Structure formats: structure tokens, C-alpha cells
>>> print(open('structure.txt').read())   # compact mmCIF, C-alpha atoms
# COMPACT_ATOMS: atom_id res chain seq x y z
CA MET A 1 0.00 0.00 0.00
CA ASN A 2 1.26 3.45 -0.90
CA ILE A 3 0.81 5.41 2.29
CA GLN A 4 0.92 8.83 0.69
CA GLU A 5 -1.81 7.80 -1.71
CA TYR A 6 -3.81 6.37 1.18
CA ILE A 7 -3.43 9.59 3.14
CA SER A 8 -4.47 11.79 0.24
CA SER A 9 -7.37 9.51 -0.72
CA GLY A 10 -9.75 11.44 1.53
CA ILE A 11 -9.87 8.66 4.15
CA VAL A 12 -8.36 10.97 6.78
CA GLU A 13 -11.15 13.52 6.36
CA SER A 14 -13.75 10.82 6.03
CA TYR A 15 -12.61 9.24 9.31
CA VAL A 16 -12.33 12.46 11.28
CA LEU A 17 -15.69 13.79 10.09
CA GLY A 18 -17.34 10.48 11.02
CA LEU A 19 -18.25 9.49 7.48
CA ALA A 20 -16.14 6.34 7.22
CA SER A 21 -17.79 2.91 7.43
CA ALA A 22 -17.03 0.59 10.35
CA GLU A 23 -14.58 -1.35 8.17
CA GLU A 24 -12.81 1.79 6.99
CA ARG A 25 -12.58 3.05 10.56
CA ALA A 26 -11.00 -0.17 11.81
CA GLU A 27 -8.49 -0.15 8.96
CA PHE A 28 -7.68 3.53 9.55
CA GLU A 29 -7.12 2.98 13.28
CA THR A 30 -4.74 0.10 12.51
CA ASN A 31 -2.89 2.27 9.98
CA CYS A 32 -2.58 5.07 12.53
CA ILE A 33 -0.66 2.68 14.75
CA ALA A 34 1.35 1.08 11.89
CA TYR A 35 2.19 4.32 10.02
CA PRO A 36 2.98 7.36 12.13
CA GLU A 37 2.48 9.57 9.08
CA VAL A 38 -1.18 8.51 8.93
CA ARG A 39 -1.62 9.59 12.51
CA THR A 40 0.20 12.83 11.83
CA ALA A 41 -2.10 13.52 8.87
CA ARG A 42 -5.12 12.76 11.02
CA GLU A 43 -3.98 15.11 13.77
CA ALA A 44 -3.22 17.84 11.23
CA PHE A 45 -6.73 17.61 9.81
CA GLU A 46 -8.27 17.50 13.26
CA LEU A 47 -6.45 20.70 14.22
CA LEU A 48 -7.50 22.27 10.95
CA LEU A 49 -11.11 21.31 11.50
CA GLU A 50 -11.01 22.55 15.08
CA LYS A 51 -9.50 25.86 13.99
CA GLN A 52 -12.11 26.24 11.29
CA ALA A 53 -14.91 25.37 13.72
CA MET A 54 -13.57 27.82 16.31
CA GLU A 55 -13.44 30.54 13.71
CA SER A 56 -17.03 29.91 12.73
CA ALA A 57 -18.21 29.57 16.33
CA VAL A 58 -21.68 30.90 17.16
CA ALA A 59 -22.18 32.00 20.74
CA PRO A 60 -25.11 30.15 22.29
CA PRO A 61 -27.61 32.11 24.43
CA ALA A 62 -25.97 33.09 27.71
CA ALA A 63 -28.69 31.48 29.84
CA LEU A 64 -28.05 28.08 28.27
CA LYS A 65 -24.90 27.39 30.31
CA GLN A 66 -26.70 27.70 33.62
CA LYS A 67 -29.52 25.53 32.32
CA ILE A 68 -27.06 22.84 31.24
CA PHE A 69 -25.21 22.95 34.57
CA ASP A 70 -28.48 22.69 36.46
CA ASN A 71 -29.33 19.60 34.44
CA LEU A 72 -25.83 18.31 34.93
CA SER A 73 -26.02 18.48 38.72
CA THR A 74 -29.03 16.18 38.49
CA VAL A 75 -27.06 13.85 36.24
CA GLY A 76 -24.11 14.18 38.60
CA GLU A 77 -26.24 13.30 41.58
CA GLU A 78 -27.58 10.23 39.82
CA LYS A 79 -24.02 9.23 39.17
CA LYS A 80 -23.08 9.87 42.77
CA VAL A 81 -26.04 7.88 43.98
CA ILE A 82 -24.92 4.97 41.88
CA ALA A 83 -21.21 5.41 42.44
CA GLU A 84 -21.15 6.18 46.13
CA GLN A 85 -24.30 5.14 47.85
CA THR A 86 -24.26 1.58 46.62
CA PRO A 87 -20.83 0.76 48.05
CA LEU A 88 -21.79 2.78 51.11
CA ARG A 89 -24.77 0.53 51.62
CA THR A 90 -22.65 -2.52 51.10
CA MET A 91 -20.21 -1.13 53.65
CA ASN A 92 -23.04 -0.59 56.07
CA TRP A 93 -24.26 -4.13 55.65
CA LEU A 94 -20.76 -5.42 56.00
CA LYS A 95 -20.30 -3.34 59.13
CA ILE A 96 -23.58 -4.49 60.56
CA ALA A 97 -22.80 -8.11 59.73
CA ALA A 98 -19.31 -7.80 61.22
CA ALA A 99 -20.70 -6.14 64.33
CA ALA A 100 -23.35 -8.83 64.66
CA CYS A 101 -20.70 -11.54 64.28
CA PHE A 102 -18.54 -9.83 66.86
CA ILE A 103 -21.41 -9.50 69.31
CA LEU A 104 -22.35 -13.13 68.78
CA LEU A 105 -18.76 -14.23 69.20
CA ALA A 106 -18.22 -12.08 72.29
CA GLY A 107 -21.55 -13.21 73.67
CA SER A 108 -20.79 -16.85 73.10
CA LEU A 109 -17.32 -16.44 74.57
CA TRP A 110 -18.75 -14.74 77.65
CA TRP A 111 -21.47 -17.38 77.86
CA ASN A 112 -18.88 -20.09 77.49
CA MET A 113 -16.61 -18.56 80.10
CA SER A 114 -19.39 -17.94 82.56
CA LEU A 115 -20.64 -21.49 82.00
CA LYS A 116 -17.15 -22.79 82.60
CA ASN A 117 -16.93 -20.66 85.72
CA GLU A 118 -20.31 -21.86 86.92
CA ASN A 119 -19.26 -25.38 86.15
CA ARG A 120 -16.10 -24.97 88.20
CA LYS A 121 -18.06 -23.53 91.09
CA LEU A 122 -20.54 -26.33 90.80
CA GLN A 123 -17.76 -28.89 90.80
CA ALA A 124 -16.17 -27.34 93.90
CA LEU A 125 -19.56 -27.35 95.55
CA GLN A 126 -20.08 -30.94 94.54
CA GLU A 127 -16.73 -31.89 96.06
CA LYS A 128 -17.55 -30.03 99.23
CA ILE A 129 -20.90 -31.76 99.41
CA GLU A 130 -19.19 -35.10 98.94
CA THR A 131 -16.69 -34.32 101.70
CA LEU A 132 -19.46 -33.19 103.99
CA GLN A 133 -21.50 -36.21 103.08
CA ALA A 134 -18.55 -38.45 103.92
CA GLN A 135 -18.02 -36.62 107.19
CA LEU A 136 -21.70 -36.85 107.93
CA ASP A 137 -21.71 -40.54 107.08
CA SER A 138 -18.72 -41.14 109.29
CA SER A 139 -20.17 -39.03 112.07
CA SER A 140 -23.52 -40.72 111.71
CA SER A 141 -22.04 -44.16 111.87
CA HIS A 142 -19.91 -43.10 114.77
CA PHE A 143 -22.95 -41.62 116.44
CA ALA A 144 -24.97 -44.72 115.70
CA GLN A 145 -22.19 -46.81 117.15
CA MET A 146 -22.04 -44.65 120.25
CA LYS A 147 -25.79 -44.74 120.55
CA ALA A 148 -25.76 -48.52 120.20
CA ASP A 149 -22.96 -48.67 122.77
CA ALA A 150 -24.83 -46.39 125.12
CA GLU A 151 -27.99 -48.45 124.72
CA ALA A 152 -26.02 -51.66 125.23
CA ILE A 153 -24.57 -50.57 128.55
CA GLN A 154 -27.77 -48.95 129.77
CA LYS A 155 -29.81 -52.14 129.65
CA SER A 156 -31.19 -53.29 133.00
CA SER A 157 -29.44 -56.62 132.52
CA ILE A 158 -26.00 -54.94 132.49
CA LYS A 159 -23.60 -55.46 135.35
CA MET A 160 -20.60 -53.17 135.61
CA ALA A 161 -17.11 -53.94 136.89
CA LYS A 162 -15.01 -50.90 137.67
CA MET A 163 -11.32 -51.85 137.34
CA ASP A 164 -8.75 -49.72 139.17
CA GLY A 165 -5.03 -49.50 138.56
CA THR A 166 -2.72 -51.92 140.32
CA ALA A 167 0.65 -51.12 141.81
CA ASN A 168 2.06 -51.49 138.27
CA SER A 169 0.04 -48.53 137.05
CA PRO A 170 -1.98 -46.77 139.77
CA GLN A 171 -3.30 -44.18 137.27
CA SER A 172 -4.89 -46.80 135.03
CA PHE A 173 -8.60 -47.23 134.99
CA ALA A 174 -11.08 -49.22 132.86
CA THR A 175 -14.70 -50.47 133.04
CA VAL A 176 -16.33 -53.75 131.97
CA TYR A 177 -20.02 -54.00 131.14
CA TRP A 178 -21.44 -57.50 131.23
CA ASP A 179 -24.89 -58.37 129.96
CA THR A 180 -26.19 -61.06 132.29
CA THR A 181 -28.82 -62.15 129.74
CA SER A 182 -26.91 -62.16 126.43
CA HIS A 183 -23.52 -62.63 128.13
CA ASP A 184 -22.02 -59.91 125.90
CA VAL A 185 -18.94 -58.20 127.34
CA TYR A 186 -18.01 -54.55 126.63
CA LEU A 187 -14.81 -52.84 127.74
CA LEU A 188 -14.38 -49.09 128.16
CA VAL A 189 -10.78 -47.97 128.48
CA ASN A 190 -10.86 -44.91 130.70
CA ASN A 191 -7.13 -44.65 131.05
CA LEU A 192 -4.38 -47.08 130.09
CA PRO A 193 -0.81 -46.27 129.03
CA LYS A 194 -0.17 -46.81 125.34
CA PRO A 195 1.52 -50.22 124.95
CA ALA A 196 4.69 -50.78 122.98
CA SER A 197 4.05 -52.15 119.50
CA GLU A 198 5.12 -55.68 120.39
CA HIS A 199 2.65 -55.82 123.31
CA GLN A 200 -1.13 -55.89 123.58
CA TYR A 201 -3.52 -55.63 126.47
CA GLN A 202 -5.58 -58.76 127.19
CA LEU A 203 -8.86 -58.96 129.16
CA TRP A 204 -9.49 -61.80 131.51
CA ALA A 205 -12.62 -62.93 133.33
CA LEU A 206 -11.96 -64.47 136.73
CA LEU A 207 -14.27 -67.24 137.79
CA ASP A 208 -13.55 -69.14 140.97
CA GLY A 209 -9.90 -67.96 140.91
CA LYS A 210 -9.36 -69.18 137.36
CA PRO A 211 -8.63 -66.74 134.49
CA ILE A 212 -10.73 -67.03 131.30
CA ASP A 213 -9.42 -65.33 128.12
CA MET A 214 -11.76 -62.58 126.91
CA GLY A 215 -9.61 -61.48 123.94
CA VAL A 216 -6.88 -58.96 123.15
CA LEU A 217 -7.49 -55.27 122.83
CA GLU A 218 -7.07 -53.56 119.39
CA ILE A 219 -6.39 -50.08 120.74
CA SER A 220 -8.28 -47.46 118.74
CA GLU A 221 -7.69 -43.69 118.70
CA LYS A 222 -11.37 -42.93 118.96
CA PRO A 223 -12.53 -41.41 122.23
CA LEU A 224 -14.98 -43.26 124.49
CA GLN A 225 -14.49 -46.39 122.45
CA LEU A 226 -16.46 -49.33 123.81
CA TYR A 227 -14.68 -52.56 122.85
CA ARG A 228 -16.77 -55.61 122.22
CA MET A 229 -15.00 -58.62 123.87
CA LYS A 230 -15.67 -62.35 123.96
CA ASN A 231 -18.81 -63.50 125.68
CA ALA A 232 -18.60 -64.60 129.30
CA GLN A 233 -21.06 -67.17 130.70
CA ALA A 234 -20.20 -66.21 134.24
CA ALA A 235 -17.57 -64.11 136.05
CA GLN A 236 -16.85 -62.72 139.47
CA ALA A 237 -14.15 -60.24 138.46
CA PHE A 238 -12.25 -58.88 135.41
CA ALA A 239 -8.59 -57.94 134.91
CA ILE A 240 -6.32 -56.60 132.16
CA THR A 241 -2.72 -57.71 131.75
CA LEU A 242 -0.08 -56.62 129.28
CA GLU A 243 0.85 -59.59 127.10
CA LYS A 244 2.92 -60.21 124.01
CA LYS A 245 1.20 -59.34 120.73
CA GLY A 246 -1.62 -61.76 119.91
CA GLY A 247 -2.28 -62.60 123.56
CA SER A 248 -1.29 -65.44 125.92
CA PRO A 249 -3.15 -68.61 127.04
CA THR A 250 -2.56 -67.64 130.68
CA PRO A 251 -2.17 -64.13 132.12
CA SER A 252 1.19 -62.80 133.23
CA MET A 253 0.12 -61.86 136.72
CA ASP A 254 3.09 -59.60 137.28
CA LYS A 255 1.97 -57.48 134.31
CA MET A 256 -1.56 -56.81 135.60
CA TYR A 257 -2.62 -53.21 135.09
CA VAL A 258 -6.20 -53.05 136.31
CA ILE A 259 -8.60 -55.37 138.20
CA GLY A 260 -12.12 -55.02 139.55
CA LYS A 261 -15.01 -57.08 140.84
CA LEU A 262 -18.49 -57.22 139.36
CA MET B 1 -18.79 29.99 36.41
CA ASN B 2 -16.07 31.44 34.20
CA SER B 3 -12.80 29.60 34.35
CA LYS B 4 -9.74 31.68 33.73
CA THR B 5 -7.48 28.67 33.97
CA SER B 6 -6.13 27.12 30.81
CA TYR B 7 -5.74 23.38 30.46
CA SER B 8 -3.86 21.20 28.02
CA GLU B 9 -6.16 18.73 26.29
CA GLN B 10 -4.68 15.88 28.35
CA GLU B 11 -5.27 17.71 31.63
CA LEU B 12 -8.76 18.63 30.55
CA VAL B 13 -9.60 15.01 29.74
CA LEU B 14 -8.24 13.81 33.10
CA LEU B 15 -10.20 16.45 35.00
CA LEU B 16 -13.37 15.68 33.06
CA LEU B 17 -12.96 12.00 33.88
CA GLN B 18 -12.80 13.03 37.52
CA ARG B 19 -16.04 14.95 36.99
CA SER B 20 -14.46 18.29 37.73
CA ASN B 21 -17.08 21.02 37.48
CA SER B 22 -14.54 23.74 36.77
CA ALA B 23 -13.00 21.71 33.93
CA PHE B 24 -16.46 21.19 32.49
CA SER B 25 -17.15 24.89 32.80
CA TYR B 26 -13.91 25.57 30.95
CA LEU B 27 -14.89 23.09 28.28
CA TYR B 28 -18.22 24.82 27.81
CA ASP B 29 -16.72 28.29 27.71
CA ASN B 30 -14.17 27.28 25.11
CA TYR B 31 -16.07 24.90 22.86
CA SER B 32 -19.80 25.57 23.14
CA GLY B 33 -19.62 28.20 20.40
CA ALA B 34 -17.90 25.91 17.92
CA LEU B 35 -20.35 23.08 18.68
CA TYR B 36 -23.31 25.43 18.55
CA GLY B 37 -22.01 26.49 15.13
CA ILE B 38 -22.05 22.94 13.72
CA ILE B 39 -25.47 22.30 15.25
CA ASN B 40 -26.87 25.37 13.57
CA GLN B 41 -25.58 24.14 10.23
CA ILE B 42 -27.80 21.06 10.66
CA VAL B 43 -30.98 22.15 12.49
CA SER B 44 -33.18 24.98 11.31
CA ASP B 45 -34.32 26.80 14.45
CA THR B 46 -32.71 28.31 17.51
CA GLU B 47 -34.86 26.54 20.05
CA THR B 48 -33.97 23.13 18.67
CA ALA B 49 -30.31 24.12 18.42
CA ASN B 50 -30.40 25.09 22.09
CA ASP B 51 -31.96 21.76 23.03
CA VAL B 52 -29.35 19.90 20.99
CA LEU B 53 -26.46 21.83 22.55
CA GLN B 54 -27.80 20.99 25.99
CA GLU B 55 -28.10 17.32 25.03
CA VAL B 56 -24.57 17.39 23.62
CA PHE B 57 -22.98 18.72 26.80
CA ILE B 58 -24.92 16.31 28.99
CA ASN B 59 -23.78 13.47 26.73
CA ILE B 60 -20.18 14.65 26.89
CA TRP B 61 -20.43 14.68 30.69
CA ARG B 62 -22.06 11.27 30.84
CA LYS B 63 -19.96 9.52 28.20
CA MET B 64 -16.60 11.02 29.08
CA ASP B 65 -15.17 7.63 29.97
CA LEU B 66 -15.97 6.40 26.46
CA TYR B 67 -13.60 8.97 24.95
CA ASP B 68 -10.47 7.28 23.57
CA SER B 69 -7.66 9.75 22.99
CA SER B 70 -5.79 7.29 20.75
CA LYS B 71 -8.57 7.61 18.18
CA GLY B 72 -8.65 11.35 17.96
CA ARG B 73 -8.69 14.72 19.65
CA LEU B 74 -11.26 15.61 22.26
CA PHE B 75 -12.72 18.28 19.99
CA THR B 76 -13.15 15.79 17.13
CA TRP B 77 -15.04 13.49 19.51
CA MET B 78 -17.26 16.31 20.73
CA LEU B 79 -17.84 17.57 17.19
CA ASN B 80 -19.08 14.13 16.14
CA ILE B 81 -21.35 13.95 19.20
CA ALA B 82 -22.79 17.34 18.25
CA ARG B 83 -23.24 16.40 14.59
CA ASN B 84 -24.89 13.08 15.43
CA ALA B 85 -27.16 14.67 18.05
CA ALA B 86 -28.26 17.33 15.60
CA ILE B 87 -28.93 14.80 12.83
CA ASP B 88 -30.86 12.57 15.27
CA LYS B 89 -32.94 15.56 16.32
CA VAL B 90 -33.70 16.49 12.73
CA ARG B 91 -34.81 12.94 12.06
CA SER B 92 -36.92 12.63 15.21
CA LYS B 93 -40.68 12.40 14.81
CA GLY B 94 -41.38 15.44 16.96
CA TYR B 95 -39.06 17.57 14.83
CA GLN B 96 -40.54 16.26 11.61
CA ASP B 97 -44.08 16.90 12.84
CA GLY B 98 -43.12 20.50 13.47
CA LEU B 99 -41.98 20.94 9.89
CA LYS B 100 -45.29 20.75 8.12
CA ASN B 101 -44.14 22.40 4.96
CA GLN B 102 -41.14 20.20 4.45
CA PRO B 103 -41.66 17.55 1.76
CA LEU B 104 -40.57 14.04 2.73
CA GLN B 105 -37.53 12.64 1.05
CA GLU B 106 -38.21 9.81 -1.36
CA ASN B 107 -36.41 6.46 -1.55
CA VAL B 108 -35.35 6.34 2.08
CA ASP B 109 -36.00 3.88 4.83
CA ALA B 110 -38.84 4.59 7.23
CA HIS B 111 -36.56 6.09 9.86
CA MET B 112 -34.59 8.14 7.37
CA VAL B 113 -36.93 10.99 6.92
CA GLY B 114 -37.06 14.53 5.77
CA ARG B 115 -34.65 16.91 4.35
CA VAL B 116 -34.37 20.06 6.34
CA VAL B 117 -33.28 23.45 5.25
CA PRO B 118 -30.88 24.56 7.95
CA LYS B 119 -30.97 28.00 9.42
CA THR B 120 -27.51 28.97 8.30
CA ASP B 121 -25.60 28.31 5.15
CA ASP B 122 -23.16 31.12 5.67
CA ILE B 123 -20.98 29.74 8.47
CA GLY B 124 -18.34 27.08 8.92
CA LEU B 125 -18.09 24.11 6.61
CA LYS B 126 -21.38 25.03 5.04
CA LYS B 127 -19.85 28.26 3.85
CA VAL B 128 -16.83 26.41 2.48
CA LEU B 129 -19.19 23.96 0.86
CA THR B 130 -20.66 26.66 -1.33
CA LYS B 131 -17.32 26.93 -3.07
CA LEU B 132 -17.44 23.29 -4.15
CA LYS B 133 -18.81 22.06 -7.44
CA GLU B 134 -22.54 21.27 -7.18
CA GLU B 135 -22.06 17.48 -7.48
CA HIS B 136 -19.54 17.51 -4.64
CA ARG B 137 -21.53 19.96 -2.52
CA LYS B 138 -24.62 17.79 -2.67
CA LEU B 139 -22.73 14.64 -1.65
CA ILE B 140 -21.19 16.36 1.37
CA ASP B 141 -24.53 17.86 2.32
CA LEU B 142 -26.29 14.51 2.20
CA SER B 143 -23.56 12.56 3.99
CA TYR B 144 -22.13 15.00 6.49
CA PHE B 145 -25.00 17.35 7.22
CA GLN B 146 -27.89 14.98 6.76
CA GLY B 147 -26.19 11.78 7.86
CA PHE B 148 -27.14 9.52 5.01
CA THR B 149 -24.97 6.47 4.42
CA HIS B 150 -23.12 6.01 1.17
CA GLU B 151 -25.57 3.22 0.25
CA GLU B 152 -28.57 5.47 0.89
CA ILE B 153 -27.03 8.26 -1.18
CA ALA B 154 -26.26 5.81 -4.00
CA LYS B 155 -29.93 4.78 -4.01
CA MET B 156 -31.17 8.33 -3.69
CA LEU B 157 -29.07 9.66 -6.57
CA ASP B 158 -29.29 6.44 -8.57
CA MET B 159 -25.52 6.25 -8.68
CA PRO B 160 -23.14 3.28 -8.24
CA LEU B 161 -21.90 2.93 -4.65
CA GLY B 162 -18.27 3.06 -5.83
CA THR B 163 -18.85 6.37 -7.56
CA VAL B 164 -20.50 7.81 -4.45
CA LYS B 165 -17.56 6.75 -2.32
CA THR B 166 -14.94 8.12 -4.70
CA ARG B 167 -16.76 11.42 -5.19
CA ILE B 168 -17.24 11.91 -1.46
CA ARG B 169 -13.57 11.23 -0.86
CA ASN B 170 -12.63 13.69 -3.58
CA ALA B 171 -15.02 16.26 -2.19
CA LEU B 172 -13.53 15.87 1.28
CA SER B 173 -9.99 16.31 -0.08
CA GLN B 174 -11.06 19.49 -1.80
CA LEU B 175 -12.81 20.68 1.32
CA ARG B 176 -9.66 20.16 3.25
CA ASN B 177 -7.60 22.15 0.82
CA MET B 178 -10.11 24.93 1.00
CA ILE B 179 -10.05 25.29 4.75
CA GLN B 180 -6.31 24.94 4.95
>>> encode(input="structure.txt", output="C-alpha cells")
Amino acid sequence: MNIQEYISSGIVESYVLGLASAEERAEFETNCIAYPEVRTAREAFELLLEKQAMESAVAPPAALKQKIFDNLSTVGEEKKVIAEQTPLRTMNWLKIAAAACFILLAGSLWWNMSLKNENRKLQALQEKIETLQAQLDSSSSHFAQMKADAEAIQKSSIKMAKMDGTANSPQSFATVYWDTTSHDVYLLVNNLPKPASEHQYQLWALLDGKPIDMGVLEISEKPLQLYRMKNAQAAQAFAITLEKKGGSPTPSMDKMYVIGKL
Amino acid sequence: MNSKTSYSEQELVLLLLQRSNSAFSYLYDNYSGALYGIINQIVSDTETANDVLQEVFINIWRKMDLYDSSKGRLFTWMLNIARNAAIDKVRSKGYQDGLKNQPLQENVDAHMVGRVVPKTDDIGLKKVLTKLKEEHRKLIDLSYFQGFTHEEIAKMLDMPLGTVKTRIRNALSQLRNMIQ
């Protein structure tokens, strides 16, 4: 293609004045990029046309400008409404949604924490209740035991033997309660020195000068403990001796701590 | 609303894209006369020309982001908007109804109606046109000022399409030399 011929063919004017067909326009735009001289020719004609149009300008009525600008502000506002308010609304929704999420999250966290706290408190309370329950159980059983003991030794069939300390241990003191009907024997240790670990106290019933084994004493720490001993069919007196652990078949008379008659 | 500032075309385009009111005011002050001139070469009465000019500036404002500087100068773009708006107005039903004494053009499609006698023949390109040979003048008038396509003109004048194209091109080249 001869570019100079193309330029002077009237295509430049045709394009700039808007008379070229769609095909011609596309070709011209391509040529403007490919051939700088085409673009230069186009610009030269554009400037020429502009100059000519400026020279033959006709002033529009003065009031028209204000009228156009008034219309424009309406157009501008429409644009603004579309361009700004829409994202603004979206922002608002986003903000509201985010705030709602945050409140929900914070609320659930607080709920969770307070539940956890409550749970901990509840657990502590539960433990305390269990401890108290255990104490109560223990106290109750202890009380029941004491009550049973008290009842046992308050029966009308009970005979009591008050045993005082011997020369071995003048401070010692114990009491035997013997049920004449059921033949049950109870021992209350009022005061006896704590035996060494290899020794145990042993209770004897004395009938017609002969000692009868009534069992060894498992010393307990509990106060006012009433020890249940072997049954005795008959007895005139009771005595406690200190024997080797497990007890002896006959009492060591020299190790007698207390003795008392019924 | 007078703007004393002067902008380069590039600056003006950038400011218009940012919807600057002062740039638009500048644009109006500097170019409304030239655009009003071309409009008056196409439409026949002042009231319509005013309406068209208003439409043109609102369209420039609205369609600013469609302007492509690689395809031509801002003024060329605005000039074509003004020309097209004026031609559309002339062809509109309301405008045609107002022109009771104008005979309808024959051999044109339903939407391609009436030939209008514009208000001014003594300004701008129209004035230059009078210096052209009659056959060239008529082709430019039909294509540029009345907006008929080459095919429509070929039909109208019972002329081969190729001849219409060549003659229009020749006429435009002459026109150019005359305004140079």
C-alpha cells in the first residue's frame, strides 16, 4: 500500500468527520498505529477542522450554560447515587454483619466462660458436698455406734465392773459391762498407758480364781471407744494384763494393770 | 462559572474523567460556540439548536469515559457527538411533525426521513461547501450534514456505490484544501 496515496485519498477527512464505514474506521485505526504519518495527517486535519470550527463559532444564548449545569447536577447526583451510595450501603451491611458476628462471638465467649466458671463452682460445691457427706456418714455411723454402745450398757441386765489400777500402774482405769442375759462383754478404756508395739492388752474374766481369756485389745484412737470382747457365761471379776502381741493362754500376773469385781 | 485557567487537552480530559465542574465549565466556555455552530448548520431553528447543545454537553459529561484519545482529539469526539445529536434531532418524529411544509424525502428507509433546510448556510463548513462544485456539494450535504450512508445516497441519486464513495472522498480532499 502506498501510504501517501492512502493519506491523500480522503480517508483521513472521512474518518475524522465520522463518514467512514465501520470497516474503513477499523483499517484507519490500525494504519494510525502502523504508520505514524497517517496519525500525523489525522492530527493535522483535526487541528485544521477545530480551527475552522472555532473561527465559525456561534455564541449560544448566555442562559443556556446555567440551564445545562443545572441539568448536569441532576445527572451528577444520579451518578453519585450509583457510584457512592451503593458501596456505602454494602459497607453498612458489611459493618452491621461484622458487628453482629462480633457481638455473637463475644456473647458466646462470655457465655462459654461464665458457664465454665459456673461449672467450676458447681464442681467445687459438689466436692464439698461429697466431703461433707462423707463426714456426715462417718459421724452418723460413729454416732450410731455410740448410741448402740450407750444403749447396750444402759440395759437393766447390764452389770458393771469398775477396774482400778494396780501397783504397776496406779493411774490406770477401765470399766467392763457385762450383759447377764446375752452374756455380751463390753470394755471401756478410761485410762491405760499406750503399749509398745510388740505388746497388747488382754482382758481376763476371773471365775472361781481361774482366768478365762476374753480377747486382746485392738487399741483405737477414737474417744470413748467401747470394745466388744468375747462373751462370758459367768464371772466374778475382770482384769487386764499386758501380754505379748496376739495374747497369751494364761495371764502374766506380774503385768496386771487393772482389776475389779463385778 | 467562568474559568480563567487554561488546560492542556490531556489535563482537561483527566479532570473531566474526575467529573471536575470547573473543567467542564472551561470546556463549555471554550467549545460551546464551535459546537453550537455545527449544530446550527444542521438544524433549522434556535430553540432546537439550544436543546441539541444541551443534550450534547450532557452526553459529553455522561460519556466522558468512552472517549479514547488514541482515536482522535477531544474536539473531534465532541464535534461528532454534536453532529450526530443534531442529525438525530432532525430525524426525530417530533421535529418532523413541526416541519409541516417540508416535503418528505423519497427512496429512504422509514426512519430516514425529511430533508431540512438549515438556518444557516453562511458559516463554517457550510460556507466552504458553497465553493465546491454542485455534485460535490450535494454529496457532502447529504452525507455530512444529513447523515445519510453512502448506500442510501447511491440509491437516492441512482448512482453506483463506488462512484458515491470516490466522489465523497474527492469532495472531502477538496474541502480540506479549502479550509487549509
>>> residues_around(input="structure.txt", residues="Ala174 (chain A)", least_positions_apart="5", cutoff="6 Å", atoms="only C-alpha atoms", output="number ranges by chain")
A: 163, 188-190
>>> interface_residues(input="structure.txt", of="chain A", to="chain B", cutoff="7 Å", atoms="only C-alpha atoms", output="VMD selection string")
chain A and resid 9 to 11 13 to 14 16 to 19 29 46 48 50 52 to 54 56 to 60 68 72
>>> atom_distance(input="structure.txt", atom1="CA of Leu132 (chain A)", atom2="CA of Leu224 (chain A)")
23.3 Å
>>> atom_distance(input="structure.txt", atom1="CA of Val38 (chain A)", atom2="CA of Glu23 (chain A)")
16.7 Å
>>> residues_near_point(input="structure.txt", point="(0.8, -55.9, 128.0)", cutoff="12 Å", atoms="all atoms listed in the file", output="ChimeraX atom specification")
/A:168-169,192-203,216-219,239-248,251-258
>>> residues_around(input="structure.txt", residues="Ala205 (chain A)", least_positions_apart="2", cutoff="7 Å", atoms="all atoms listed in the file", output="PDB file with C-alpha atoms, in the coordinates of the input")
ATOM      1  CA  LEU A 203      -8.860 -58.960 129.160  1.00  0.00           C
ATOM      2  CA  LEU A 207     -14.270 -67.240 137.790  1.00  0.00           C
ATOM      3  CA  PRO A 211      -8.630 -66.740 134.490  1.00  0.00           C
ATOM      4  CA  ILE A 212     -10.730 -67.030 131.300  1.00  0.00           C
ATOM      5  CA  ASP A 213      -9.420 -65.330 128.120  1.00  0.00           C
ATOM      6  CA  MET A 214     -11.760 -62.580 126.910  1.00  0.00           C
ATOM      7  CA  ALA A 235     -17.570 -64.110 136.050  1.00  0.00           C
ATOM      8  CA  ALA A 237     -14.150 -60.240 138.460  1.00  0.00           C
ATOM      9  CA  PHE A 238     -12.250 -58.880 135.410  1.00  0.00           C
ATOM     10  CA  ALA A 239      -8.590 -57.940 134.910  1.00  0.00           C
TER      11      ALA A 239
END
>>> residues_near_point(input="structure.txt", point="(-14.0, -60.3, 139.8)", cutoff="6 Å", atoms="all atoms listed in the file", output="list in words")
Leu206, Gln236, Ala237, Phe238, Gly260, Lys261 and Leu262 of chain A
>>> write_last_selection(input="structure.txt", atoms="C-alpha atoms", output="mmCIF file, in the coordinates of the input")
data_model
loop_
_atom_site.group_PDB
_atom_site.id
_atom_site.type_symbol
_atom_site.label_atom_id
_atom_site.label_comp_id
_atom_site.auth_asym_id
_atom_site.auth_seq_id
_atom_site.Cartn_x
_atom_site.Cartn_y
_atom_site.Cartn_z
ATOM 1 C CA LEU A 206 -11.960 -64.470 136.730
ATOM 2 C CA GLN A 236 -16.850 -62.720 139.470
ATOM 3 C CA ALA A 237 -14.150 -60.240 138.460
ATOM 4 C CA PHE A 238 -12.250 -58.880 135.410
ATOM 5 C CA GLY A 260 -12.120 -55.020 139.550
ATOM 6 C CA LYS A 261 -15.010 -57.080 140.840
ATOM 7 C CA LEU A 262 -18.490 -57.220 139.360
#
>>> atom_distance(input="structure.txt", atom1="CA of Ser21 (chain A)", atom2="CA of Lys51 (chain A)")
25.3 Å
>>> closest_residue(input="structure.txt", among="A:His142, A:Ser73, A:Thr30, A:Ala20", to="Ser20 (chain B)", atoms="all atoms listed in the file")
A:Ser73
>>> closest_residue(input="structure.txt", among="B:Ser69, B:Gln41, B:Gln10, B:Gln146", to="Arg91 (chain B)", atoms="only C-alpha atoms")
B:Gln146
